[in-house]
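Source file: target_30.cif. Holds: mmCIF, C-alpha atoms and all ligand atoms.
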data_model
loop_
_atom_site.label_atom_id
_atom_site.label_comp_id
_atom_site.auth_asym_id
_atom_site.auth_seq_id
_atom_site.Cartn_x
_atom_site.Cartn_y
_atom_site.Cartn_z
CA MET A 74 124.24 7.17 100.68
CA SER A 75 121.39 8.83 98.81
CA GLN A 76 119.04 5.94 99.51
CA ILE A 77 119.70 6.03 103.23
CA LEU A 78 119.50 9.79 103.45
CA SER A 79 116.41 10.03 101.32
CA PHE A 80 114.32 8.38 104.01
CA THR A 81 114.98 11.33 106.28
CA PRO A 82 111.62 13.11 106.70
CA GLU A 83 111.33 16.65 105.42
CA ILE A 84 112.10 19.30 107.97
CA GLY A 85 110.78 22.79 108.11
CA LEU A 86 107.81 22.48 105.76
CA GLY A 87 105.50 24.06 108.27
CA LEU A 88 103.53 20.82 108.69
CA PRO A 89 102.71 19.31 112.10
CA ALA A 90 105.26 16.61 113.02
CA ALA A 91 102.80 13.70 112.69
CA GLU A 92 101.76 14.87 109.24
CA VAL A 93 105.39 15.19 108.15
CA LEU A 94 106.16 11.66 109.30
CA SER A 95 103.12 10.12 107.62
CA ALA A 96 103.46 12.07 104.36
CA PRO A 97 104.38 9.85 101.40
CA LYS A 98 108.01 10.22 100.49
CA ARG A 99 108.69 12.31 97.42
CA PRO A 100 112.04 11.74 95.72
CA ARG A 101 114.29 14.78 95.65
CA ALA A 102 115.92 16.09 92.47
CA VAL A 103 118.49 18.82 92.21
CA VAL A 104 118.01 20.86 89.05
CA THR A 105 121.05 22.95 88.15
CA GLY A 106 120.28 26.05 86.12
CA GLY A 107 116.70 25.88 87.39
CA SER A 108 116.37 29.65 87.02
CA GLY A 109 117.13 29.51 83.28
CA LYS A 110 114.97 29.13 80.19
CA LEU A 111 114.63 25.34 80.25
CA GLY A 112 115.23 25.04 84.00
CA ARG A 113 112.20 27.10 84.98
CA SER A 114 109.80 24.75 83.17
CA THR A 115 111.66 21.72 84.46
CA VAL A 116 111.27 22.75 88.09
CA VAL A 117 107.54 23.39 87.57
CA ASP A 118 107.04 20.06 85.77
CA LEU A 119 108.88 18.02 88.40
CA LEU A 120 107.00 19.68 91.26
CA ALA A 121 103.74 18.86 89.52
CA HIS A 122 104.70 15.20 89.13
CA GLY A 123 105.64 14.20 92.64
CA TRP A 124 109.22 15.42 93.02
CA ASN A 125 110.80 17.64 95.62
CA VAL A 126 113.05 20.06 93.80
CA VAL A 127 116.16 21.98 94.79
CA ASN A 128 117.42 24.54 92.30
CA PHE A 129 121.20 25.09 92.20
CA ASP A 130 121.79 28.30 90.29
CA LYS A 131 123.86 31.46 90.59
CA VAL A 132 120.71 33.56 90.42
CA PRO A 133 117.22 33.03 91.87
CA PRO A 134 114.30 32.34 89.55
CA PRO A 135 112.45 35.44 88.37
CA PRO A 136 109.12 36.24 90.08
CA GLY A 137 106.20 34.36 88.56
CA SER A 138 108.23 31.24 87.76
CA GLY A 139 105.94 29.05 89.88
CA HIS A 140 108.80 27.82 92.06
CA GLU A 141 107.16 28.53 95.42
CA ASP A 142 107.42 24.88 96.44
CA ALA A 143 111.03 24.48 95.31
CA ILE A 144 114.16 25.31 97.31
CA PHE A 145 116.67 27.70 95.76
CA VAL A 146 120.30 27.30 96.79
CA CYS A 147 122.74 29.83 95.40
CA THR A 148 125.54 27.64 94.00
CA GLU A 149 128.62 28.27 91.90
CA LEU A 150 128.97 24.98 90.05
CA GLU A 151 132.59 25.53 89.12
CA ASP A 152 133.38 25.25 92.84
CA MET A 153 133.53 21.58 93.86
CA GLY A 154 133.25 22.47 97.56
CA GLN A 155 129.90 24.14 97.01
CA VAL A 156 128.65 21.31 94.78
CA MET A 157 129.53 18.61 97.32
CA GLU A 158 128.25 20.52 100.33
CA ASN A 159 124.97 21.50 98.72
CA LEU A 160 124.30 17.99 97.41
CA LEU A 161 124.80 16.57 100.90
CA GLU A 162 122.55 18.90 102.86
CA VAL A 163 121.74 22.53 103.45
CA ASP A 164 121.19 23.19 107.13
CA CYS A 165 117.69 22.16 108.09
CA ARG A 166 116.20 22.56 104.63
CA TYR A 167 117.00 19.14 103.17
CA LYS A 168 119.37 16.24 103.48
CA GLY A 169 120.23 13.87 100.65
CA VAL A 170 119.43 13.93 96.96
CA ASP A 171 118.01 11.12 94.80
CA ALA A 172 118.59 12.51 91.32
CA ILE A 173 120.39 15.30 89.45
CA VAL A 174 119.28 17.22 86.36
CA HIS A 175 122.22 19.25 85.15
CA LEU A 176 121.10 22.10 82.91
CA ALA A 177 123.32 25.00 84.03
CA ALA A 178 125.68 26.15 81.31
CA LEU A 179 126.66 29.12 79.24
CA PRO A 180 124.52 28.03 76.32
CA SER A 181 125.08 30.40 73.40
CA ALA A 182 128.21 30.34 71.31
CA GLY A 183 129.87 33.69 70.60
CA MET A 184 128.62 35.63 73.65
CA MET A 185 131.89 35.34 75.59
CA GLY A 186 135.39 34.07 75.15
CA SER A 187 135.22 30.47 74.06
CA SER A 188 137.70 29.30 76.71
CA THR A 189 135.49 30.76 79.46
CA GLN A 190 132.49 28.96 78.06
CA PHE A 191 134.39 25.72 77.63
CA ARG A 192 135.84 25.89 81.16
CA LEU A 193 132.52 26.56 82.86
CA ASN A 194 130.56 23.96 80.93
CA THR A 195 133.06 21.14 81.32
CA MET A 196 134.09 21.94 84.91
CA ALA A 197 130.51 22.17 86.15
CA THR A 198 129.66 18.84 84.50
CA TYR A 199 132.76 17.17 85.94
CA ASN A 200 132.05 18.51 89.43
CA LEU A 201 128.48 17.21 89.37
CA LEU A 202 129.37 13.78 87.98
CA GLU A 203 132.26 13.34 90.40
CA ALA A 204 130.26 14.54 93.41
CA ALA A 205 127.39 12.25 92.40
CA ARG A 206 129.79 9.31 92.21
CA LYS A 207 131.21 10.08 95.64
CA LEU A 208 127.73 10.46 97.16
CA GLY A 209 126.17 7.46 95.40
CA ILE A 210 123.61 9.45 93.37
CA LYS A 211 122.90 7.23 90.38
CA ASN A 212 120.04 8.87 88.51
CA ILE A 213 121.38 11.71 86.37
CA VAL A 214 120.19 13.70 83.36
CA LEU A 215 122.58 16.02 81.54
CA ALA A 216 121.64 18.67 78.99
CA SER A 217 123.44 17.99 75.75
CA SER A 218 122.71 19.78 72.51
CA GLU A 219 121.71 19.36 68.88
CA THR A 220 124.89 21.29 68.04
CA LEU A 221 126.86 18.08 68.66
CA LEU A 222 125.53 16.84 65.34
CA GLY A 223 127.43 19.47 63.37
CA LEU A 224 124.92 22.29 63.76
CA PRO A 225 124.79 25.02 62.57
CA LEU A 226 124.66 23.32 59.18
CA ASP A 227 126.87 25.86 57.46
CA PRO A 228 128.86 24.99 55.45
CA TRP A 229 128.18 21.41 56.52
CA VAL A 230 125.36 19.26 55.25
CA PRO A 231 124.07 16.20 57.13
CA ASP A 232 125.06 12.72 55.99
CA TYR A 233 121.36 11.93 55.79
CA ILE A 234 118.00 13.41 56.73
CA PRO A 235 116.27 13.00 59.17
CA MET A 236 119.28 13.17 61.48
CA ASP A 237 119.17 10.76 64.41
CA GLU A 238 121.31 9.47 67.27
CA ASN A 239 123.49 7.58 64.77
CA SER A 240 124.41 10.74 62.88
CA PRO A 241 128.12 11.42 63.36
CA ARG A 242 129.04 13.74 66.23
CA ARG A 243 130.75 16.78 64.73
CA PRO A 244 131.12 19.68 67.22
CA GLU A 245 131.92 22.95 65.49
CA SER A 246 132.32 25.31 68.46
CA ALA A 247 133.73 25.42 72.00
CA TYR A 248 130.14 25.10 73.20
CA ALA A 249 129.45 21.96 71.15
CA LEU A 250 132.83 20.58 72.16
CA SER A 251 131.91 21.04 75.85
CA LYS A 252 128.70 19.10 75.21
CA LEU A 253 130.63 16.32 73.50
CA LEU A 254 132.90 16.08 76.55
CA GLY A 255 129.79 16.00 78.75
CA GLU A 256 128.62 12.92 76.84
CA THR A 257 132.07 11.34 76.96
CA MET A 258 132.34 11.91 80.72
CA ALA A 259 128.87 10.41 81.19
CA GLN A 260 129.87 7.33 79.25
CA GLU A 261 133.00 6.83 81.35
CA TYR A 262 131.22 7.37 84.68
CA CYS A 263 128.72 4.71 83.68
CA ARG A 264 131.58 2.37 82.78
CA TRP A 265 133.11 2.98 86.22
CA ASP A 266 129.80 2.19 87.90
CA PRO A 267 127.48 0.08 85.72
CA THR A 268 124.62 0.58 88.22
CA THR A 269 124.49 4.31 87.42
CA LYS A 270 122.13 5.77 84.82
CA ILE A 271 123.17 8.94 82.98
CA ILE A 272 121.03 10.27 80.15
CA ASN A 273 122.25 12.97 77.78
CA LEU A 274 119.39 14.85 76.15
CA ARG A 275 120.39 16.57 72.91
CA PHE A 276 117.93 19.44 72.96
CA SER A 277 116.95 21.31 69.85
CA ASN A 278 116.53 25.09 70.10
CA VAL A 279 114.55 25.76 73.29
CA ILE A 280 111.49 27.94 72.73
CA LEU A 281 109.20 29.62 75.25
CA ALA A 282 105.48 30.00 74.56
CA ASN A 283 105.84 33.77 74.14
CA GLU A 284 108.40 33.26 71.36
CA TYR A 285 106.00 31.51 68.97
CA GLU A 286 105.06 34.79 67.30
CA ARG A 287 108.57 34.88 65.83
CA PHE A 288 107.80 31.74 63.83
CA GLU A 289 105.60 33.72 61.43
CA THR A 290 108.60 35.78 60.33
CA TRP A 291 110.37 32.63 59.10
CA GLN A 292 107.65 31.33 56.80
CA ASN A 293 108.60 32.95 53.50
CA ASP A 294 112.21 31.86 53.50
CA PRO A 295 113.67 28.47 54.50
CA LYS A 296 117.15 29.94 55.04
CA PRO A 297 116.95 31.55 58.52
CA ARG A 298 116.18 28.23 60.21
CA ARG A 299 118.08 25.94 57.83
CA TRP A 300 120.93 25.79 60.36
CA ASN A 301 119.18 23.28 62.65
CA LEU A 302 116.94 21.54 60.11
CA TRP A 303 114.05 23.80 61.18
CA GLY A 304 113.89 22.15 64.63
CA TYR A 305 112.64 23.45 67.99
CA ILE A 306 111.69 22.20 71.45
CA ASP A 307 109.03 23.86 73.56
CA ALA A 308 110.51 24.31 77.05
CA ARG A 309 107.51 22.50 78.55
CA ASP A 310 108.10 19.46 76.35
CA GLY A 311 111.80 19.64 77.13
CA ALA A 312 110.81 19.43 80.78
CA GLN A 313 108.64 16.39 80.04
CA SER A 314 111.61 14.62 78.42
CA ILE A 315 113.71 15.33 81.52
CA ARG A 316 111.09 13.93 83.87
CA LYS A 317 110.64 10.82 81.72
CA SER A 318 114.41 10.35 81.69
CA LEU A 319 114.50 10.48 85.49
CA GLU A 320 111.66 7.95 85.63
CA TYR A 321 113.17 5.65 82.98
CA LYS A 322 114.08 2.34 84.61
CA ALA A 323 117.49 1.62 83.18
CA VAL A 324 121.17 1.73 83.94
CA GLY A 325 124.08 2.86 81.80
CA HIS A 326 124.57 5.72 79.39
CA HIS A 327 121.86 6.81 76.95
CA GLN A 328 121.50 9.69 74.49
CA TYR A 329 118.37 11.07 72.90
CA ILE A 330 117.56 13.87 70.49
CA ILE A 331 114.75 15.97 71.95
CA ALA A 332 112.67 18.09 69.58
CA ASN A 333 109.00 18.74 68.97
CA ASN A 334 106.91 16.64 66.59
CA ASN A 335 107.04 19.11 63.73
CA THR A 336 109.32 21.70 62.15
CA VAL A 337 109.01 25.47 62.54
CA MET A 338 107.81 25.76 58.93
CA ARG A 339 104.51 25.54 57.04
CA THR A 340 106.45 24.55 53.92
CA PRO A 341 106.45 20.75 53.65
CA ASN A 342 109.67 18.86 54.26
CA ASP A 343 110.21 17.59 50.71
CA LYS A 344 110.29 21.18 49.44
CA LEU A 345 112.59 22.39 52.25
CA VAL A 346 115.06 19.56 51.73
CA ALA A 347 115.05 19.87 47.93
CA ALA A 348 115.71 23.61 48.19
CA GLU A 349 118.37 23.62 50.90
CA PHE A 350 119.95 20.16 50.94
CA PRO A 351 119.86 18.84 47.34
CA GLY A 352 121.76 15.59 47.03
CA VAL A 353 121.56 14.69 50.74
CA PRO A 354 119.96 11.25 51.19
CA TYR A 355 116.46 11.91 52.47
CA THR A 356 113.98 9.37 53.81
CA PRO A 357 110.53 11.00 53.94
CA THR A 358 108.64 10.41 57.19
CA LYS A 359 104.91 9.73 57.54
CA GLY A 360 103.88 13.34 58.03
CA SER A 361 104.84 16.12 55.65
CA HIS A 362 105.99 18.40 58.50
CA ASP A 363 107.51 15.86 60.90
CA THR A 364 110.64 16.91 62.75
CA LEU A 365 113.80 16.27 60.73
CA LEU A 366 115.70 15.78 64.01
CA SER A 367 114.31 12.34 64.71
CA ILE A 368 112.74 11.77 68.13
CA GLU A 369 111.72 8.17 67.45
CA LYS A 370 114.24 6.78 69.95
CA ALA A 371 113.05 9.07 72.76
CA LYS A 372 109.43 8.16 72.00
CA ARG A 373 110.16 4.45 71.92
CA GLU A 374 112.36 4.19 75.00
CA LEU A 375 111.35 7.10 77.25
CA GLY A 376 107.72 7.39 76.24
CA PHE A 377 108.40 11.01 75.26
CA GLU A 378 105.38 12.55 73.54
CA PRO A 379 105.54 16.29 72.83
CA LYS A 380 102.28 18.05 73.69
CA TRP A 381 102.96 21.55 72.43
CA ASP A 382 102.82 22.73 68.83
CA TRP A 383 103.61 26.22 67.60
CA LYS A 384 100.65 26.07 65.18
CA HIS A 385 98.04 25.65 67.94
N1 LIG B 1 118.49 27.25 74.87
C1 LIG B 1 118.67 26.38 73.88
O1 LIG B 1 118.23 26.60 72.74
C2 LIG B 1 119.41 25.09 74.14
C3 LIG B 1 119.54 24.16 73.10
C4 LIG B 1 120.21 22.97 73.34
C5 LIG B 1 120.74 22.70 74.58
N2 LIG B 1 120.59 23.64 75.59
C6 LIG B 1 121.19 23.34 76.89
O2 LIG B 1 120.14 23.31 77.85
C7 LIG B 1 120.61 23.81 79.09
C8 LIG B 1 119.70 24.92 79.58
O3 LIG B 1 119.74 25.97 78.64
P1 LIG B 1 118.93 27.32 78.87
O4 LIG B 1 118.56 27.84 77.54
O5 LIG B 1 117.89 27.10 79.89
O6 LIG B 1 120.10 28.24 79.45
P2 LIG B 1 119.94 29.58 80.33
O7 LIG B 1 121.14 30.42 80.04
O8 LIG B 1 118.59 30.18 80.14
O9 LIG B 1 120.03 29.03 81.82
C9 LIG B 1 121.24 28.56 82.34
C10 LIG B 1 121.21 28.78 83.85
O10 LIG B 1 122.44 28.28 84.38
C11 LIG B 1 122.90 29.18 85.38
N3 LIG B 1 124.36 29.05 85.47
C12 LIG B 1 125.26 29.32 84.51
N4 LIG B 1 126.50 29.12 84.97
C13 LIG B 1 126.39 28.71 86.25
C14 LIG B 1 127.32 28.36 87.27
N5 LIG B 1 128.64 28.38 87.04
N6 LIG B 1 126.86 28.00 88.48
C15 LIG B 1 125.52 27.99 88.72
N7 LIG B 1 124.60 28.33 87.81
C16 LIG B 1 125.02 28.68 86.58
C17 LIG B 1 122.47 30.55 84.90
O11 LIG B 1 122.40 31.47 85.98
C18 LIG B 1 121.12 30.25 84.25
O12 LIG B 1 120.05 30.44 85.15
C19 LIG B 1 122.06 24.23 78.87
O13 LIG B 1 122.92 23.20 79.29
C20 LIG B 1 122.14 24.40 77.38
O14 LIG B 1 123.46 24.21 76.91
C21 LIG B 1 119.93 24.82 75.40
#
Written form, structure tokens:
Amino acid sequence: MSQILSFTPEIGLGLPAAEVLSAPKRPRAVVTGGSGKLGRSTVVDLLAHGWNVVNFDKVPPPPGSGHEDAIFVCTELEDMGQVMENLLEVDCRYKGVDAIVHLAALPSAGMMGSSTQFRLNTMATYNLLEAARKLGIKNIVLASSETLLGLPLDPWVPDYIPMDENSPRRPESAYALSKLLGETMAQEYCRWDPTTKIINLRFSNVILANEYERFETWQNDPKPRRWNLWGYIDARDGAQSIRKSLEYKAVGHHQYIIANNNTVMRTPNDKLVAAEFPGVPYTPTKGSHDTLLSIEKAKRELGFEPKWDWKH
């Protein structure tokens, strides 16, 4: 379905008809939660790299987000009717979708009743996966989370450091549990249709450029950021990982940890680990400040290469 529909020329772009028909086809991605912290950068990045983008969110993006060339469609993702209808077409604005990036969620634990958070996160993911299956959309990226790995690390300690995709999954909150179910659903949908690709990206703590000044306040004490092994992901690099996942030629279910190249600390890793995780098996990496949430798999398979660094 999506392949057939995606050849439909764009309508209503304000271009003369001949120009519309001869314009090279850009694939269309729906980004859910495109008005949020990670979503805003994702929409901008996809637009800049040859994608048409439709943002499904409950609220429009704030002014200055750079979404002028994207389409916003107010969507309640818990409502399957809205999800199906909006993926199919919205009046004359677009028809057919090639790929889905599902970011919308209630992301922070403890800011609402846990059952509300669990219901929204799992229901929205189910609706999108099921609608995609019915419509034949086979290129899907889902936001997962570092919290699946047992974060915050209190009172837990990791089995080994750096943590990687083989670290045991140990959700400790309704939020992390909803992300675990998102990964489980993805795995099963790929089993049902082996020609589908679903990638779960386990993002570290998402950081905007204007938040880097906070990093200075963490430098004299390893404790405040011990909870996630001093990890972070710049929203712009998170967006890059999403785009590279969409472009990754593969089928089946894949998971990747997504973090930046380094930690949030100036203190070298051997000192941090010795102070906060004595006795935990630790394999030093090449660089003294390399991320302790390993991104080697994402680099190797997706070609992910973070460009942003809080120190520059
Ligand atoms: N922020 C982080 O540190 C972090 C870390 C790891 C994973 N993640 C995951 O990344 C994704 C994006 O996180 P974020 O920080 O950008 O979140 P955010 O809260 O900034 O944005 C989420 C967006 O989803 C929308 N939304 C929520 N419920 C909706 C619904 N029912 N229907 C339609 N839209 C809805 C909101 O309006 C919002 O714009 C989430 O899935 C989150 O769990 C975030």
Do you know which residues are at most 8 Å from Leu150 of chain A counting only C-alpha atoms, after dropping those on the same chain fewer than 4 positions away, and could you put them as a compact mmCIF listing (two decimals) with C-alpha atoms, keeping the file's coordinate frame?
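So the final result, stored in result25.txt, reads:
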# COMPACT_ATOMS: atom_id res chain seq x y z
CA ASP A 130 121.79 28.30 90.29
CA GLN A 155 129.90 24.14 97.01
CA VAL A 156 128.65 21.31 94.78
CA MET A 196 134.09 21.94 84.91
CA ALA A 197 130.51 22.17 86.15
CA ASN A 200 132.05 18.51 89.43
CA LEU A 201 128.48 17.21 89.37
**Item:** Neighbour list for Pro244 of chain A as a PyMOL selection string, cut-off 8 Å, all atoms listed in the file, skip fewer than 4 positions in-chain
**Value:** chain A and resi 220-224+249-250+253
**Request:** Work out how far apart atom O14 of ligand LIG 1 (chain B) and atom CA of Gly183 of chain A are and give it in Å to one decimal.
**Result:**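 We find that atom O14 of ligand LIG 1 (chain B) and atom CA of Gly183 of chain A lie 13.1 Å from each other.
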**Message:** Around (113.0, 28.1, 72.9), as given in the file, which residues come within 7 Å? Count only C-alpha atoms and list them as a PyMOL selection string.
**Reply:** chain A and resi 278-281+305-308
So that each row is one residue of chain A with an atom at most 7 Å from ligand LIG 1 (chain B), can you give its shortest atom pair and the distance in Å to one decimal, using all atoms listed in the file, rows by chain and rising number, as a tab-separated table?
residue	atom	partner	partner_atom	distance
A:Thr105	CA	B:LIG1	N7	6.5
A:Gly106	CA	B:LIG1	O10	3.6
A:Gly107	CA	B:LIG1	O12	6.1
A:Ser108	CA	B:LIG1	O12	4.2
A:Gly109	CA	B:LIG1	O9	3.3
A:Lys110	CA	B:LIG1	O5	3.6
A:Leu111	CA	B:LIG1	O5	3.7
A:Gly112	CA	B:LIG1	O5	5.3
A:Phe129	CA	B:LIG1	C15	6.3
A:Asp130	CA	B:LIG1	N7	3.7
A:Lys131	CA	B:LIG1	N7	4.3
A:Val132	CA	B:LIG1	O11	5.2
A:Thr148	CA	B:LIG1	C15	5.3
A:Glu149	CA	B:LIG1	N6	3.9
A:Leu150	CA	B:LIG1	N6	4.0
A:Glu151	CA	B:LIG1	N5	5.3
A:Leu176	CA	B:LIG1	O13	4.2
A:Ala177	CA	B:LIG1	O10	3.4
A:Ala178	CA	B:LIG1	O13	4.5
A:Leu179	CA	B:LIG1	C12	5.5
A:Pro180	CA	B:LIG1	O14	4.0
A:Leu193	CA	B:LIG1	N5	6.0
A:Ala197	CA	B:LIG1	N5	6.5
A:Ala216	CA	B:LIG1	O13	4.7
A:Ser217	CA	B:LIG1	C5	5.6
A:Ser218	CA	B:LIG1	C5	4.1
A:Glu219	CA	B:LIG1	C4	5.9
A:Arg275	CA	B:LIG1	C5	6.4
A:Phe276	CA	B:LIG1	C4	4.2
A:Ser277	CA	B:LIG1	C3	5.0
A:Asn278	CA	B:LIG1	O1	3.5
A:Val279	CA	B:LIG1	O1	3.8
A:Ile280	CA	B:LIG1	O1	6.9
**Asked** Using all atoms listed in the file, which of A:Val346, A:Val214, A:Val174, A:Ile331 sits nearest Asp310 of chain A?
**Response**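 Smallest distance to Asp310 of chain A is found for A:Ile331.
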**Asked** Which residue out of A:Val337, A:Ala102, A:Leu274, A:Met236 has the minimum interatomic distance to His122 of chain A when all atoms listed in the file are used?
**Response**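 That would be A:Ala102, the residue with the smallest distance to His122 of chain A.
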Which residues are close to Pro235 of chain A, i.e. within 9 Å by only C-alpha atoms, leaving aside same-chain residues fewer than 6 positions away? Reply as an mmCIF file with C-alpha atoms, in the frame of the given file.
data_model
loop_
_atom_site.group_PDB
_atom_site.id
_atom_site.type_symbol
_atom_site.label_atom_id
_atom_site.label_comp_id
_atom_site.auth_asym_id
_atom_site.auth_seq_id
_atom_site.Cartn_x
_atom_site.Cartn_y
_atom_site.Cartn_z
ATOM 1 C CA LEU A 302 116.940 21.540 60.110
ATOM 2 C CA PRO A 354 119.960 11.250 51.190
ATOM 3 C CA TYR A 355 116.460 11.910 52.470
ATOM 4 C CA THR A 356 113.980 9.370 53.810
ATOM 5 C CA PRO A 357 110.530 11.000 53.940
ATOM 6 C CA THR A 358 108.640 10.410 57.190
ATOM 7 C CA THR A 364 110.640 16.910 62.750
ATOM 8 C CA LEU A 365 113.800 16.270 60.730
ATOM 9 C CA LEU A 366 115.700 15.780 64.010
ATOM 10 C CA SER A 367 114.310 12.340 64.710
#
**Request:** Between atom CA of Asn333 of chain A and atom CA of Val103 of chain A, measure the distance and give it in Å to one decimal.
**Result:**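 Answer for the atom CA of Asn333 of chain A to atom CA of Val103 of chain A separation: 25.1 Å.
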**Message:** Quick check, in Å to one decimal: how far apart do atom CA of Ala259 of chain A and atom CA of Asn273 of chain A lie?
**Reply:**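 Distance between the two atoms: 7.9 Å.
Proximity ranking of A:Lys359, A:Lys384, A:Arg101, A:Arg309 relative to Ala332 of chain A places A:Arg309 first, based on only C-alpha atoms.
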**Request:** Quick one: residues within 8 Å of (114.5, 15.4, 97.1) (file frame), counting all atoms listed in the file, please, as a list in words.
**Result:**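 Looking at atoms near the point gives Ser79, Arg99, Pro100, Arg101, Ala102, Val103, Trp124, Asn125, Val126, Val127, Tyr167, Gly169, Val170, Asp171 and Ala172 of chain A.
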Just the selected residues (C-alpha atoms), exported as a PDB file, in the coordinates of the input, please.
ATOM      1  CA  SER A  79     116.410  10.030 101.320  1.00  0.00           C
ATOM      2  CA  ARG A  99     108.690  12.310  97.420  1.00  0.00           C
ATOM      3  CA  PRO A 100     112.040  11.740  95.720  1.00  0.00           C
ATOM      4  CA  ARG A 101     114.290  14.780  95.650  1.00  0.00           C
ATOM      5  CA  ALA A 102     115.920  16.090  92.470  1.00  0.00           C
ATOM      6  CA  VAL A 103     118.490  18.820  92.210  1.00  0.00           C
ATOM      7  CA  TRP A 124     109.220  15.420  93.020  1.00  0.00           C
ATOM      8  CA  ASN A 125     110.800  17.640  95.620  1.00  0.00           C
ATOM      9  CA  VAL A 126     113.050  20.060  93.800  1.00  0.00           C
ATOM     10  CA  VAL A 127     116.160  21.980  94.790  1.00  0.00           C
ATOM     11  CA  TYR A 167     117.000  19.140 103.170  1.00  0.00           C
ATOM     12  CA  GLY A 169     120.230  13.870 100.650  1.00  0.00           C
ATOM     13  CA  VAL A 170     119.430  13.930  96.960  1.00  0.00           C
ATOM     14  CA  ASP A 171     118.010  11.120  94.800  1.00  0.00           C
ATOM     15  CA  ALA A 172     118.590  12.510  91.320  1.00  0.00           C
TER      16      ALA A 172
END
**Spatial neighbours of Leu375 of chain A, max dist 12 Å, all atoms listed in the file, sep filter under 2 positions, as an NGL selection string** = :A and (272 or 274 or 313-323 or 327-331 or 368-373 or 377-379)
**Prompt:** Can you list, as JSON, numbers by chain, every protein, DNA or RNA residue that comes within 8 Å of Val353 of chain A when you count all atoms listed in the file, leaving out same-chain residues fewer than 6 positions away?
**Reply:** {"A": [230, 231, 232, 233, 234]}
**Request:** Kindly indicate which residue among A:Pro225, A:Gly209, A:Pro135, A:Pro351 lies nearest to Ser246 of chain A, using only C-alpha atoms for the distances.
**Result:**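 Using only C-alpha atoms, the shortest distance to Ser246 of chain A belongs to A:Pro225.
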Write segment 300-304 of chain A as a short mmCIF file (atom, residue, chain, number, x, y, z; two decimals), keeping the file's coordinate frame, completed to all heavy atoms.
data_model
loop_
_atom_site.label_atom_id
_atom_site.label_comp_id
_atom_site.auth_asym_id
_atom_site.auth_seq_id
_atom_site.Cartn_x
_atom_site.Cartn_y
_atom_site.Cartn_z
N TRP A 300 119.75 26.20 59.58
CA TRP A 300 120.93 25.79 60.36
C TRP A 300 120.68 24.60 61.28
O TRP A 300 121.59 23.84 61.59
CB TRP A 300 121.46 26.98 61.16
CG TRP A 300 120.53 27.48 62.24
CD1 TRP A 300 119.54 28.41 62.10
CD2 TRP A 300 120.49 27.07 63.62
NE1 TRP A 300 118.89 28.60 63.30
CE2 TRP A 300 119.46 27.80 64.25
CE3 TRP A 300 121.25 26.16 64.38
CZ2 TRP A 300 119.15 27.64 65.61
CZ3 TRP A 300 120.93 26.00 65.73
CH2 TRP A 300 119.89 26.75 66.32
N ASN A 301 119.44 24.44 61.77
CA ASN A 301 119.18 23.28 62.65
C ASN A 301 118.04 22.42 62.11
O ASN A 301 117.30 21.82 62.88
CB ASN A 301 118.93 23.72 64.09
CG ASN A 301 117.54 24.28 64.32
OD1 ASN A 301 116.89 24.71 63.37
ND2 ASN A 301 117.09 24.28 65.56
N LEU A 302 117.97 22.36 60.77
CA LEU A 302 116.94 21.54 60.11
C LEU A 302 115.53 21.93 60.57
O LEU A 302 114.67 21.09 60.70
CB LEU A 302 117.18 20.04 60.36
CG LEU A 302 118.26 19.35 59.52
CD1 LEU A 302 118.33 17.87 59.88
CD2 LEU A 302 117.98 19.49 58.03
N TRP A 303 115.36 23.23 60.84
CA TRP A 303 114.05 23.80 61.18
C TRP A 303 113.45 23.17 62.46
O TRP A 303 112.24 23.01 62.60
CB TRP A 303 113.08 23.64 59.99
CG TRP A 303 113.63 24.24 58.73
CD1 TRP A 303 113.62 25.55 58.39
CD2 TRP A 303 114.29 23.54 57.66
NE1 TRP A 303 114.26 25.73 57.17
CE2 TRP A 303 114.68 24.50 56.70
CE3 TRP A 303 114.62 22.20 57.41
CZ2 TRP A 303 115.36 24.17 55.53
CZ3 TRP A 303 115.30 21.87 56.25
CH2 TRP A 303 115.66 22.85 55.32
N GLY A 304 114.34 22.81 63.41
CA GLY A 304 113.89 22.15 64.63
C GLY A 304 113.60 23.15 65.75
O GLY A 304 114.04 24.29 65.73
#
